[in-house]
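Novice: One file: input23.cif (mmCIF, C-alpha atoms (C1' of nucleotides)).
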data_work
loop_
_atom_site.label_atom_id
_atom_site.label_comp_id
_atom_site.auth_asym_id
_atom_site.auth_seq_id
_atom_site.Cartn_x
_atom_site.Cartn_y
_atom_site.Cartn_z
CA MET R 1134 -56.42 233.63 -28.60
CA ARG R 1135 -55.66 232.96 -32.23
CA ILE R 1136 -54.17 229.51 -32.38
CA LEU R 1137 -52.50 227.71 -35.25
CA PHE R 1138 -52.43 223.95 -34.79
CA MET R 1139 -49.90 221.59 -36.30
CA GLY R 1140 -50.21 217.84 -36.10
CA THR R 1141 -50.74 214.70 -38.08
CA PRO R 1142 -51.74 211.41 -36.41
CA ASP R 1143 -54.53 210.37 -34.11
CA PHE R 1144 -52.75 211.55 -31.05
CA ALA R 1145 -52.65 215.08 -32.45
CA ALA R 1146 -56.25 214.90 -33.62
CA SER R 1147 -57.36 214.17 -30.09
CA VAL R 1148 -55.68 217.32 -28.86
CA LEU R 1149 -57.13 219.38 -31.67
CA ASP R 1150 -60.55 218.00 -30.87
CA ARG R 1151 -60.32 219.42 -27.38
CA ILE R 1152 -58.86 222.84 -28.02
CA SER R 1153 -61.18 223.52 -30.90
CA GLU R 1154 -64.05 223.46 -28.45
CA TYR R 1155 -62.88 226.37 -26.37
CA PRO R 1156 -64.94 229.49 -27.02
CA ASP R 1157 -62.15 231.83 -25.96
CA ASP R 1158 -59.81 230.47 -28.59
CA THR R 1159 -60.00 230.37 -32.33
CA ILE R 1160 -58.21 227.78 -34.35
CA VAL R 1161 -57.23 229.90 -37.29
CA GLY R 1162 -55.80 227.01 -39.22
CA VAL R 1163 -54.31 223.55 -39.14
CA LEU R 1164 -51.07 222.33 -40.64
CA THR R 1165 -50.72 218.67 -41.34
CA GLN R 1166 -48.68 216.39 -43.57
CA PRO R 1167 -49.68 216.36 -47.25
CA ASP R 1168 -51.90 213.52 -48.44
CA LYS R 1169 -49.74 210.72 -49.69
CA PRO R 1170 -50.47 207.67 -51.74
CA ARG R 1171 -50.61 204.94 -49.17
CA GLY R 1172 -51.92 201.49 -48.70
CA ARG R 1173 -52.99 198.93 -51.22
CA GLY R 1174 -53.44 200.43 -54.64
CA TYR R 1175 -51.69 203.62 -53.58
CA GLU R 1176 -54.78 205.48 -52.63
CA LEU R 1177 -54.40 208.98 -51.34
CA ALA R 1178 -54.69 209.03 -47.57
CA GLN R 1179 -55.56 211.99 -45.38
CA SER R 1180 -54.12 212.44 -41.93
CA ALA R 1181 -56.31 212.04 -38.86
CA VAL R 1182 -55.86 215.72 -38.14
CA LYS R 1183 -56.95 216.71 -41.62
CA LYS R 1184 -60.11 214.67 -41.40
CA LEU R 1185 -61.04 216.23 -38.09
CA ALA R 1186 -60.22 219.73 -39.25
CA LEU R 1187 -62.38 219.32 -42.32
CA GLU R 1188 -65.26 218.15 -40.14
CA LYS R 1189 -64.88 221.21 -38.00
CA ASN R 1190 -64.49 223.53 -40.95
CA ILE R 1191 -61.04 224.63 -39.93
CA PRO R 1192 -58.81 225.71 -42.83
CA VAL R 1193 -56.22 223.03 -43.60
CA TYR R 1194 -52.73 223.68 -44.93
CA GLN R 1195 -50.48 220.90 -46.16
CA PRO R 1196 -47.22 222.48 -47.27
CA GLU R 1197 -44.58 220.11 -48.59
CA THR R 1198 -41.96 222.19 -46.92
CA LEU R 1199 -41.75 225.12 -44.57
CA ARG R 1200 -38.20 226.02 -45.41
CA ASP R 1201 -37.05 229.21 -47.12
CA ASN R 1202 -40.00 231.19 -45.81
CA ALA R 1203 -42.32 229.01 -47.85
CA PHE R 1204 -45.13 229.36 -45.35
CA LEU R 1205 -44.50 232.98 -44.39
CA PRO R 1206 -47.29 234.52 -46.50
CA GLU R 1207 -49.91 232.22 -44.97
CA LEU R 1208 -48.44 232.78 -41.54
CA ASN R 1209 -48.80 236.51 -41.93
CA ALA R 1210 -52.36 236.11 -43.09
CA LEU R 1211 -53.35 233.77 -40.26
CA ASP R 1212 -51.44 235.84 -37.74
CA PRO R 1213 -51.50 233.31 -34.87
CA GLU R 1214 -50.74 234.37 -31.34
CA LEU R 1215 -49.88 230.84 -30.32
CA ILE R 1216 -48.82 227.75 -32.22
CA ILE R 1217 -49.52 224.32 -30.78
CA VAL R 1218 -47.62 221.39 -32.23
CA ALA R 1219 -48.40 217.73 -31.62
CA ALA R 1220 -46.61 215.12 -33.69
CA TYR R 1221 -46.60 217.20 -36.84
CA GLY R 1222 -43.69 215.46 -38.47
CA LYS R 1223 -41.81 218.41 -39.89
CA ILE R 1224 -39.06 220.59 -38.54
CA LEU R 1225 -40.23 224.11 -37.84
CA PRO R 1226 -37.86 226.79 -39.10
CA LEU R 1227 -37.01 229.75 -36.92
CA TYR R 1228 -39.26 232.19 -38.71
CA VAL R 1229 -42.21 230.00 -37.66
CA LEU R 1230 -41.01 229.44 -34.11
CA ASP R 1231 -40.49 233.15 -33.63
CA TYR R 1232 -43.69 234.37 -35.17
CA PRO R 1233 -46.38 233.97 -32.48
CA LYS R 1234 -46.51 236.36 -29.58
CA TYR R 1235 -46.87 233.46 -27.13
CA GLY R 1236 -44.51 231.19 -28.95
CA CYS R 1237 -44.72 227.60 -30.11
CA ILE R 1238 -45.86 224.98 -27.66
CA ASN R 1239 -45.20 221.30 -28.24
CA VAL R 1240 -47.05 218.36 -26.73
CA HIS R 1241 -44.79 215.39 -26.40
CA GLY R 1242 -45.65 211.85 -25.35
CA SER R 1243 -43.02 211.24 -22.73
CA LEU R 1244 -41.56 212.68 -19.58
CA LEU R 1245 -38.76 214.69 -21.09
CA PRO R 1246 -35.84 214.62 -21.36
CA LYS R 1247 -36.44 210.88 -21.69
CA TYR R 1248 -37.73 209.53 -24.97
CA ARG R 1249 -37.21 212.52 -27.16
CA GLY R 1250 -38.18 211.80 -30.72
CA ALA R 1251 -40.76 210.14 -32.88
CA ALA R 1252 -42.00 207.06 -31.06
CA PRO R 1253 -41.97 207.67 -27.32
CA ILE R 1254 -45.14 205.72 -26.56
CA GLN R 1255 -44.10 202.51 -28.27
CA ARG R 1256 -40.54 202.71 -27.01
CA SER R 1257 -41.55 203.18 -23.42
CA ILE R 1258 -43.61 199.99 -23.51
CA ILE R 1259 -40.96 198.03 -25.37
CA ASP R 1260 -38.43 199.09 -22.77
CA GLY R 1261 -40.69 197.87 -20.01
CA GLU R 1262 -41.23 201.25 -18.40
CA THR R 1263 -43.97 201.46 -15.81
CA VAL R 1264 -44.48 205.21 -15.94
CA THR R 1265 -44.48 207.70 -18.75
CA GLY R 1266 -46.34 210.92 -19.37
CA ILE R 1267 -46.98 214.06 -21.29
CA THR R 1268 -44.67 217.00 -21.41
CA ILE R 1269 -45.61 220.42 -22.68
CA MET R 1270 -42.67 222.52 -23.70
CA LYS R 1271 -41.76 225.62 -25.54
CA MET R 1272 -40.26 224.64 -28.84
CA ALA R 1273 -36.61 225.26 -29.51
CA LYS R 1274 -34.34 224.51 -32.41
CA GLY R 1275 -33.29 221.03 -31.33
CA LEU R 1276 -35.44 217.92 -31.39
CA ASP R 1277 -37.71 218.01 -28.34
CA THR R 1278 -35.16 220.00 -26.41
CA GLY R 1279 -37.21 223.04 -25.42
CA ASP R 1280 -37.84 224.33 -21.93
CA MET R 1281 -40.59 222.44 -20.15
CA MET R 1282 -43.74 224.04 -18.90
CA LEU R 1283 -45.73 221.20 -17.42
CA LYS R 1284 -45.72 217.46 -17.10
CA ARG R 1285 -48.38 214.89 -16.40
CA THR R 1286 -47.53 211.30 -15.59
CA VAL R 1287 -49.35 208.31 -17.01
CA GLU R 1288 -49.04 204.84 -15.59
CA ILE R 1289 -48.15 201.95 -17.84
CA THR R 1290 -49.78 198.77 -16.61
CA GLU R 1291 -48.62 195.28 -17.45
CA ASN R 1292 -51.48 194.82 -19.83
CA ASP R 1293 -51.22 198.09 -21.67
CA ASN R 1294 -50.40 197.86 -25.31
CA PHE R 1295 -49.69 200.66 -27.72
CA GLU R 1296 -53.37 201.27 -28.31
CA THR R 1297 -54.50 201.44 -24.71
CA LEU R 1298 -51.54 203.53 -23.63
CA HIS R 1299 -51.93 205.77 -26.64
CA ASP R 1300 -55.53 206.43 -25.70
CA LYS R 1301 -54.65 207.23 -22.12
CA MET R 1302 -51.88 209.50 -23.32
CA ALA R 1303 -54.16 211.24 -25.76
CA LEU R 1304 -56.66 212.02 -23.02
CA CYS R 1305 -53.90 213.26 -20.79
CA ALA R 1306 -52.46 215.37 -23.60
CA ARG R 1307 -55.76 217.12 -24.17
CA ASP R 1308 -55.99 218.08 -20.55
CA ALA R 1309 -52.40 219.17 -20.41
CA VAL R 1310 -52.75 221.35 -23.45
CA SER R 1311 -55.85 223.09 -22.24
CA GLU R 1312 -54.18 223.75 -18.96
CA ALA R 1313 -51.13 225.09 -20.73
CA ILE R 1314 -53.27 227.44 -22.77
CA LYS R 1315 -54.92 228.67 -19.62
CA LEU R 1316 -51.58 229.32 -17.93
CA ILE R 1317 -50.32 231.16 -20.97
CA ARG R 1318 -53.43 233.27 -21.15
CA GLU R 1319 -53.05 234.19 -17.51
CA GLY R 1320 -49.36 234.88 -17.92
CA LYS R 1321 -48.54 232.19 -15.40
CA ASP R 1322 -46.48 230.02 -17.69
CA VAL R 1323 -43.05 229.28 -16.31
CA TYR R 1324 -40.39 227.12 -17.87
CA GLU R 1325 -37.70 224.78 -16.75
CA ALA R 1326 -34.73 223.76 -18.85
CA GLN R 1327 -34.19 220.09 -19.67
CA ASP R 1328 -31.20 218.29 -18.28
CA ASP R 1329 -29.61 217.18 -21.52
CA SER R 1330 -27.39 214.71 -19.74
CA LEU R 1331 -30.47 212.60 -18.95
CA ALA R 1332 -31.83 212.65 -22.48
CA THR R 1333 -32.69 209.45 -24.31
CA TYR R 1334 -34.08 209.04 -27.78
CA ALA R 1335 -37.13 207.17 -29.01
CA GLU R 1336 -36.41 206.71 -32.66
CA LYS R 1337 -39.02 206.00 -35.23
CA ILE R 1338 -40.13 202.36 -35.25
CA THR R 1339 -38.62 200.46 -38.15
CA LYS R 1340 -39.30 197.02 -39.50
CA ASP R 1341 -36.26 195.75 -37.69
CA ASP R 1342 -37.78 196.89 -34.41
CA CYS R 1343 -40.81 194.73 -35.15
CA PHE R 1344 -38.92 191.51 -35.66
CA ILE R 1345 -39.01 189.33 -32.59
CA ASP R 1346 -35.81 187.81 -31.43
CA PHE R 1347 -36.76 185.05 -29.05
CA ASP R 1348 -33.19 184.88 -27.91
CA THR R 1349 -34.00 187.01 -24.91
CA ASP R 1350 -36.22 186.80 -21.87
CA ALA R 1351 -39.96 186.25 -22.07
CA LYS R 1352 -40.72 189.62 -20.58
CA SER R 1353 -38.84 191.49 -23.30
CA VAL R 1354 -40.69 189.56 -25.96
CA HIS R 1355 -43.99 190.35 -24.33
CA ASN R 1356 -43.11 194.04 -24.06
CA ARG R 1357 -42.22 194.16 -27.72
CA ILE R 1358 -45.46 192.48 -28.76
CA ARG R 1359 -47.67 194.78 -26.73
CA GLY R 1360 -45.64 197.89 -27.51
CA LEU R 1361 -46.25 197.32 -31.22
CA SER R 1362 -49.87 196.22 -31.02
CA PRO R 1363 -52.26 196.77 -32.76
CA ILE R 1364 -49.94 198.48 -35.24
CA PRO R 1365 -47.48 197.81 -36.74
CA LEU R 1366 -47.26 194.46 -34.90
CA ALA R 1367 -44.27 192.36 -33.96
CA TYR R 1368 -43.58 189.47 -36.30
CA SER R 1369 -41.61 186.34 -36.97
CA TYR R 1370 -41.70 183.63 -39.61
CA LEU R 1371 -43.39 180.25 -39.52
CA ASP R 1372 -42.83 177.91 -42.44
CA SER R 1373 -41.30 180.82 -44.37
CA LYS R 1374 -44.44 182.88 -43.99
CA MET R 1375 -44.70 186.02 -41.96
CA ILE R 1376 -46.81 185.79 -38.87
CA LYS R 1377 -47.54 188.73 -36.64
CA PHE R 1378 -48.53 188.66 -33.03
CA THR R 1379 -51.32 190.81 -31.72
CA SER R 1380 -51.25 189.83 -28.08
CA SER R 1381 -49.41 187.64 -25.64
CA VAL R 1382 -49.03 186.64 -22.04
CA ILE R 1383 -45.96 185.65 -20.13
CA VAL R 1384 -46.11 181.93 -19.40
CA SER R 1385 -42.94 181.72 -17.37
CA THR R 1386 -40.01 183.96 -16.66
CA ASP R 1387 -37.70 181.29 -15.35
CA GLY R 1388 -35.81 178.54 -17.02
CA GLU R 1389 -32.97 178.81 -19.49
CA ASN R 1390 -33.71 177.14 -22.78
CA ALA R 1391 -31.14 175.47 -24.95
CA PRO R 1392 -30.12 177.52 -28.00
CA GLU R 1393 -31.62 175.00 -30.43
CA SER R 1394 -35.04 175.22 -28.81
CA ILE R 1395 -35.29 179.00 -28.74
CA GLY R 1396 -38.22 180.10 -30.86
CA LYS R 1397 -39.73 176.65 -30.79
CA ILE R 1398 -43.44 176.20 -30.28
CA THR R 1399 -43.60 173.94 -27.28
CA ALA R 1400 -47.36 173.74 -27.08
CA ALA R 1401 -50.43 174.82 -29.04
CA VAL R 1402 -53.44 174.07 -26.94
CA GLY R 1403 -56.64 175.96 -26.27
CA ASP R 1404 -56.05 179.64 -26.85
CA LEU R 1405 -52.34 179.62 -26.22
CA ILE R 1406 -49.35 179.07 -28.46
CA THR R 1407 -46.38 178.67 -26.17
CA VAL R 1408 -43.00 179.66 -27.52
CA ALA R 1409 -39.67 179.11 -25.85
CA CYS R 1410 -37.51 182.17 -25.34
CA ARG R 1411 -33.93 182.10 -24.16
CA LYS R 1412 -35.23 182.64 -20.68
CA GLY R 1413 -38.78 181.60 -19.88
CA SER R 1414 -41.53 181.26 -22.42
CA ILE R 1415 -44.19 183.44 -23.96
CA GLY R 1416 -47.78 182.56 -24.73
CA ILE R 1417 -49.14 183.98 -27.96
CA THR R 1418 -52.87 184.66 -27.71
CA GLY R 1419 -53.55 186.47 -30.95
CA VAL R 1420 -51.99 186.32 -34.39
CA LEU R 1421 -52.16 187.80 -37.86
CA PRO R 1422 -50.88 185.32 -40.43
CA GLU R 1423 -49.63 186.64 -43.76
CA GLY R 1424 -52.53 187.16 -46.13
CA LYS R 1425 -55.07 186.47 -43.41
CA LYS R 1426 -57.06 188.36 -40.86
CA ARG R 1427 -56.38 188.87 -37.22
CA MET R 1428 -57.49 185.88 -35.24
CA SER R 1429 -57.23 184.37 -31.82
CA ALA R 1430 -54.58 181.79 -31.12
CA ALA R 1431 -57.39 179.26 -30.70
CA ASP R 1432 -58.65 179.90 -34.23
CA PHE R 1433 -55.16 179.71 -35.65
CA ILE R 1434 -54.45 176.43 -33.91
CA ARG R 1435 -57.67 174.94 -35.24
CA GLY R 1436 -56.64 175.54 -38.82
CA GLN R 1437 -53.07 174.35 -38.42
CA GLN R 1438 -51.70 170.87 -38.26
CA ASP R 1439 -48.88 169.91 -35.95
CA LEU R 1440 -48.14 173.41 -34.77
CA ALA R 1441 -46.34 172.19 -31.71
CA GLY R 1442 -42.73 171.41 -32.46
CA LYS R 1443 -42.37 173.91 -35.28
CA LYS R 1444 -40.03 176.79 -34.91
CA LEU R 1445 -40.38 180.52 -35.39
CA THR R 1446 -37.44 181.77 -37.38
CA ALA R 1447 -35.91 184.71 -39.11
CA LYS R 1448 -37.35 184.22 -42.57
"C1'" C O 1283 -53.02 200.06 -63.28
"C1'" G O 1284 -46.69 198.67 -57.34
"C1'" C O 1285 -46.12 192.95 -55.57
"C1'" G O 1286 -48.70 188.90 -53.56
"C1'" G O 1287 -52.45 185.81 -50.66
"C1'" A O 1288 -57.57 184.52 -49.88
"C1'" G O 1289 -63.20 183.87 -50.39
"C1'" U O 1290 -65.62 176.03 -48.95
"C1'" G O 1291 -71.89 174.67 -43.12
"C1'" G O 1292 -71.37 179.60 -37.08
"C1'" A O 1293 -65.21 179.83 -36.49
"C1'" G O 1294 -60.29 178.37 -38.30
"C1'" C O 1295 -58.58 175.20 -42.20
"C1'" A O 1296 -57.98 170.72 -45.99
"C1'" G O 1297 -59.42 169.40 -50.82
"C1'" U O 1298 -57.95 172.85 -56.46
"C1'" C O 1299 -51.67 171.64 -59.51
"C1'" U O 1300 -52.73 165.48 -61.37
"C1'" G O 1301 -61.50 167.44 -62.99
"C1'" G O 1302 -65.21 162.02 -61.54
"C1'" U O 1303 -68.32 157.56 -55.53
"C1'" U O 1304 -72.28 160.34 -49.73
"C1'" A O 1305 -67.17 167.88 -50.17
"C1'" G O 1306 -63.16 166.22 -45.27
"C1'" C O 1307 -60.59 167.95 -40.47
"C1'" U O 1308 -60.31 170.63 -35.68
"C1'" C O 1309 -63.97 173.33 -32.97
"C1'" G O 1310 -68.82 175.36 -32.06
"C1'" U O 1311 -74.05 174.21 -31.93
"C1'" C O 1312 -78.49 170.83 -30.90
"C1'" G O 1313 -80.23 166.04 -28.72
"C1'" G O 1314 -78.92 161.79 -25.82
"C1'" G O 1315 -75.51 158.99 -22.57
"C1'" C O 1316 -71.63 158.44 -18.72
"C1'" U O 1317 -70.40 161.07 -14.13
"C1'" C O 1318 -70.98 163.60 -7.43
"C1'" A O 1319 -69.61 166.88 -11.37
"C1'" U O 1320 -67.30 169.20 -15.74
"C1'" A O 1321 -64.98 173.39 -20.36
"C1'" A O 1322 -63.61 166.01 -19.78
"C1'" C O 1323 -65.31 161.44 -22.26
"C1'" C O 1324 -68.94 158.45 -25.46
"C1'" C O 1325 -73.16 158.26 -29.10
"C1'" G O 1326 -76.24 160.69 -32.56
"C1'" G O 1327 -78.18 165.02 -35.41
"C1'" A O 1328 -78.77 169.73 -37.83
"C1'" G O 1329 -76.24 173.01 -40.81
"C1'" G O 1330 -72.68 174.02 -47.34
"C1'" U O 1331 -76.46 176.04 -54.57
"C1'" C O 1332 -67.74 175.31 -52.50
"C1'" A O 1333 -68.02 184.60 -53.09
"C1'" G O 1334 -71.12 185.98 -57.61
"C1'" G O 1335 -71.77 185.45 -63.17
"C1'" A O 1336 -79.26 180.86 -65.85
"C1'" G O 1337 -70.30 182.60 -68.45
"C1'" G O 1338 -66.78 179.14 -71.27
"C1'" U O 1339 -64.49 174.03 -71.81
"C1'" U O 1340 -66.28 168.93 -70.60
"C1'" C O 1341 -70.04 163.04 -70.57
"C1'" A O 1342 -68.68 165.34 -65.66
"C1'" A O 1343 -66.19 171.51 -62.47
"C1'" A O 1344 -65.03 173.43 -55.48
"C1'" U O 1345 -61.17 171.73 -58.95
"C1'" C O 1346 -59.38 174.09 -65.82
"C1'" C O 1347 -60.42 179.20 -68.71
"C1'" C O 1348 -62.85 184.25 -68.64
"C1'" C O 1349 -65.37 188.43 -66.08
"C1'" U O 1350 -67.19 190.93 -61.53
"C1'" C O 1351 -67.38 191.79 -56.30
"C1'" U O 1352 -65.24 191.52 -51.37
"C1'" C O 1353 -61.35 190.74 -47.72
"C1'" C O 1354 -56.22 190.56 -46.38
"C1'" G O 1355 -50.58 190.65 -46.25
"C1'" C O 1356 -46.21 193.13 -48.31
"C1'" A O 1357 -44.23 197.49 -50.19
"C1'" C O 1358 -44.75 202.93 -50.07
#
Can you turn what I pasted into structure tokens?

Specialist:
Amino acid sequence: MRILFMGTPDFAASVLDRISEYPDDTIVGVLTQPDKPRGRGYELAQSAVKKLALEKNIPVYQPETLRDNAFLPELNALDPELIIVAAYGKILPLYVLDYPKYGCINVHGSLLPKYRGAAPIQRSIIDGETVTGITIMKMAKGLDTGDMMLKRTVEITENDNFETLHDKMALCARDAVSEAIKLIREGKDVYEAQDDSLATYAEKITKDDCFIDFDTDAKSVHNRIRGLSPIPLAYSYLDSKMIKFTSSVIVSTDGENAPESIGKITAAVGDLITVACRKGSIGITGVLPEGKKRMSAADFIRGQQDLAGKKLTAK
RNA sequence: CGCGGAGUGGAGCAGUCUGGUUAGCUCGUCGGGCUCAUAACCCGGAGGUCAGGAGGUUCAAAUCCCCUCUCCGCAC
């Protein structure tokens, strides 16, 4: 089958890595987001998918826009029979969706119709979910609203963070996609409509999402920290400097704390910085201070004086 | 040339603004002691050309000036 792949981040690259190995299929091309000046010094950065595609000598296309038939000439030339989309980051116009004989298949990182949108993996951890999964669906006009073809569940353990869950999801996604391709090839693909009334949305993670409000229970704080680790990382401010948290443990879930002590560092001993939440307290085990490198709580404590008693604040 | 922080014994930091005795702290490490025992405690030791430049200023530079390299945070 002639397959056109569309995707951008790591998650998508993992899927591409798998399907590009199948002898029965040919990846005729890859669409990914254009290189953009990113990072310190505004250096041009290539997407994970682009890097992989270049390694595998797959033609890469990086159109700024697909609208107004902008990609139609290339589409005609590539003539894909199936389009597979995984976190591409652009809306596909109808002329693209309708082109391939077998349609456009999307790999999404949640059990739809829950967590439609850009950041399902992070959001599911932040919300404290214990199960999530991969859904393969036929793409429709709306955002992640298409009819579903197959689902695979993935367990979220208490110690999963964005990275570990992401990796599990990526592995699962590769399997799901290859199975989907097989079903399509055999004509055994069947679809089920989503129940829109159960839909929830996992919006893109913003800076506001990363700020930790300790005025909540310890578990929520922990979920936020792990859901955003190792990137972009949850943060707060200590002595007017930003400090991010790379990992944490729940110290206690009980005990209401007085409003004035919320966010206060109650202890900084060994490898644990204990912070009071509204309910219970959280133990920070890894930090990234502004201008510094990632380090363990123990290292941070060593270099600080009188950590205990200080307060984590909003700016 | 987007903004900013930082390079000091193995680790994390202080000292730099207001140059000047043996470069300090919390750990780690090595040796010894105490102890039924210990990651605890006590004593002692090793380990640094203060990122680099046979640069500049000075009687004197980790500290002030210049150049290079590297790392990092923000923003995008």

Novice: Hey, what's within 12 Å of O:C1348 if we count all atoms listed in the file and toss same-chain stuff fewer than 4 positions away? As an NGL selection string, please?

Specialist: :O and (1335 or 1337-1339)

Novice: Residues of chain O near chain R: apply a cut-off of 12 Å, count all atoms listed in the file, and supply the list as a list in words.

Specialist: C1283, G1284, C1285, G1286, G1287, A1288, G1289, A1293, G1294, C1295, A1296, C1307, U1308, C1309, G1310, A1321, C1353, C1354, G1355, C1356, A1357 and C1358 of chain O

Novice: Just to confirm, what's the straight-line distance from atom CA of R:Asp1143 to atom CA of R:Ile1383 in Å (one decimal)?

Specialist: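 About the pair atom CA of R:Asp1143 and atom CA of R:Ile1383: they are 29.7 Å apart.
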
Novice: Which residue gives the smallest distance to O:G1329 among O:U1311, O:U1290, O:C1347, O:G1301, with only C-alpha atoms (C1' of nucleotides) counted?

Specialist: O:U1311

Novice: Run through the PyMOL selection byres ((chain R and resi 1279) around 10) on the given coordinates and return the selected residues as an MDAnalysis selection string.

Specialist: chainID R and resid 1237:1239 1245:1246 1269:1278 1280:1282 1324:1327

Novice: Would you work out the distance separating atom CA of R:Arg1256 from atom CA of R:Leu1244, expressed in Å to one decimal?

Specialist: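 So the two atoms, atom CA of R:Arg1256 and atom CA of R:Leu1244, lie 12.5 Å apart.
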
Novice: Would you work out the distance separating atom CA of R:Ala1145 from atom CA of R:Gly1360, expressed in Å to one decimal?

Specialist: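 Spanning atom CA of R:Ala1145 to atom CA of R:Gly1360 is a straight-line distance of 19.2 Å.
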
Novice: Can you spell out as a ChimeraX atom specification the set of residues that the PyMOL selection byres ((chain R and resi 1180) around 7) selects in the structure I just provided?

Specialist: /R:1141-1142,1166,1168,1178-1179,1181-1184

Novice: Which residues would end up in the selection if the PyMOL selection byres ((chain R and resi 1219) around 6) were applied here, given that I need the answer as a PyMOL selection string?

Specialist: chain R and resi 1140+1145+1218+1220-1221+1239-1240

Novice: Quick one: everything within 12 Å of R:Arg1307, counting all atoms listed in the file, minus sequence neighbours fewer than 5 positions away in the same chain. Send it as a list of chain:residue names.

Specialist: R:Phe1144, R:Ala1145, R:Ala1146, R:Ser1147, R:Val1148, R:Leu1149, R:Asp1150, R:Arg1151, R:Ile1152, R:Ser1153, R:Glu1154, R:Tyr1155, R:Ile1217, R:Ala1219, R:Val1240, R:His1241, R:Gly1242, R:Ile1267, R:Thr1268, R:Ile1269, R:Arg1285, R:Asp1300, R:Lys1301, R:Met1302, R:Glu1312, R:Ala1313, R:Ile1314

Novice: I want to know what sits within 9 Å of R:Asn1294, based on all atoms listed in the file, with residues of the same chain fewer than 6 positions away left out; could you give that as a VMD selection string?

Specialist: chain R and resid 1255 1258 1356 1358 to 1363 1380

Novice: Do you know which residues lie at most 7 Å from (-43.2, 196.4, -40.1), with coordinates as in the file and all atoms listed in the file counted, and could you write them as a PyMOL selection string?

Specialist: chain R and resi 1339-1340+1343+1365-1366

Novice: Give the answer as one residue: which of O:G1291, O:C1318, O:G1326, O:C1351 has the shortest atom-to-atom distance to O:A1305, using only C-alpha atoms (C1' of nucleotides)?

Specialist: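 Residue with the minimum atom-to-atom distance to O:A1305: O:G1291.
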
Novice: If we count all atoms listed in the file, what is near R:Phe1344 at a cut-off of 8 Å, once residues fewer than 5 positions away on the same chain are taken out, given as a list in words?

Specialist: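 Listed by chain and then number, they are Ala1367, Tyr1368 and Ser1369 of chain R.
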
Novice: Is it possible to get the axis-aligned box enclosing stretch 1435-1443 of chain R (all listed atoms, 6 Å extra per side) as lines of an AutoDock Vina configuration file, with centre and edge lengths in Å rounded to one decimal?

Specialist:
center_x = -50.0
center_y = 172.7
center_z = -35.3
size_x = 27.3
size_y = 17.6
size_z = 19.1

Novice: Please complete stretch 1154-1163 of chain R so it has N, CA, C and O atoms, and hand it over as a PDB file, in the frame of the given file.

Specialist:
ATOM      1  N   GLU R1154     -62.752 223.242 -29.090  1.00  0.00           N
ATOM      2  CA  GLU R1154     -64.050 223.460 -28.450  1.00  0.00           C
ATOM      3  C   GLU R1154     -64.079 224.652 -27.520  1.00  0.00           C
ATOM      4  O   GLU R1154     -65.120 225.017 -26.989  1.00  0.00           O
ATOM      5  N   TYR R1155     -62.910 225.252 -27.303  1.00  0.00           N
ATOM      6  CA  TYR R1155     -62.880 226.370 -26.370  1.00  0.00           C
ATOM      7  C   TYR R1155     -63.351 227.656 -27.019  1.00  0.00           C
ATOM      8  O   TYR R1155     -62.802 228.082 -28.026  1.00  0.00           O
ATOM      9  N   PRO R1156     -64.360 228.279 -26.439  1.00  0.00           N
ATOM     10  CA  PRO R1156     -64.940 229.490 -27.020  1.00  0.00           C
ATOM     11  C   PRO R1156     -63.979 230.678 -26.999  1.00  0.00           C
ATOM     12  O   PRO R1156     -64.061 231.558 -27.869  1.00  0.00           O
ATOM     13  N   ASP R1157     -63.056 230.683 -26.056  1.00  0.00           N
ATOM     14  CA  ASP R1157     -62.150 231.830 -25.960  1.00  0.00           C
ATOM     15  C   ASP R1157     -61.059 231.790 -27.028  1.00  0.00           C
ATOM     16  O   ASP R1157     -60.382 232.777 -27.264  1.00  0.00           O
ATOM     17  N   ASP R1158     -60.888 230.608 -27.625  1.00  0.00           N
ATOM     18  CA  ASP R1158     -59.810 230.470 -28.590  1.00  0.00           C
ATOM     19  C   ASP R1158     -60.364 230.210 -29.976  1.00  0.00           C
ATOM     20  O   ASP R1158     -61.420 229.608 -30.129  1.00  0.00           O
ATOM     21  N   THR R1159     -59.631 230.636 -30.951  1.00  0.00           N
ATOM     22  CA  THR R1159     -60.000 230.370 -32.330  1.00  0.00           C
ATOM     23  C   THR R1159     -58.870 229.613 -32.996  1.00  0.00           C
ATOM     24  O   THR R1159     -57.728 230.053 -32.962  1.00  0.00           O
ATOM     25  N   ILE R1160     -59.208 228.476 -33.566  1.00  0.00           N
ATOM     26  CA  ILE R1160     -58.210 227.780 -34.350  1.00  0.00           C
ATOM     27  C   ILE R1160     -58.232 228.400 -35.738  1.00  0.00           C
ATOM     28  O   ILE R1160     -59.173 228.197 -36.502  1.00  0.00           O
ATOM     29  N   VAL R1161     -57.215 229.174 -36.016  1.00  0.00           N
ATOM     30  CA  VAL R1161     -57.230 229.900 -37.290  1.00  0.00           C
ATOM     31  C   VAL R1161     -56.829 229.014 -38.453  1.00  0.00           C
ATOM     32  O   VAL R1161     -57.073 229.334 -39.617  1.00  0.00           O
ATOM     33  N   GLY R1162     -56.194 227.906 -38.128  1.00  0.00           N
ATOM     34  CA  GLY R1162     -55.800 227.010 -39.220  1.00  0.00           C
ATOM     35  C   GLY R1162     -55.112 225.788 -38.670  1.00  0.00           C
ATOM     36  O   GLY R1162     -54.747 225.726 -37.498  1.00  0.00           O
ATOM     37  N   VAL R1163     -54.957 224.792 -39.532  1.00  0.00           N
ATOM     38  CA  VAL R1163     -54.310 223.550 -39.140  1.00  0.00           C
ATOM     39  C   VAL R1163     -53.275 223.171 -40.195  1.00  0.00           C
ATOM     40  O   VAL R1163     -53.565 223.205 -41.392  1.00  0.00           O
TER      41      VAL R1163
END
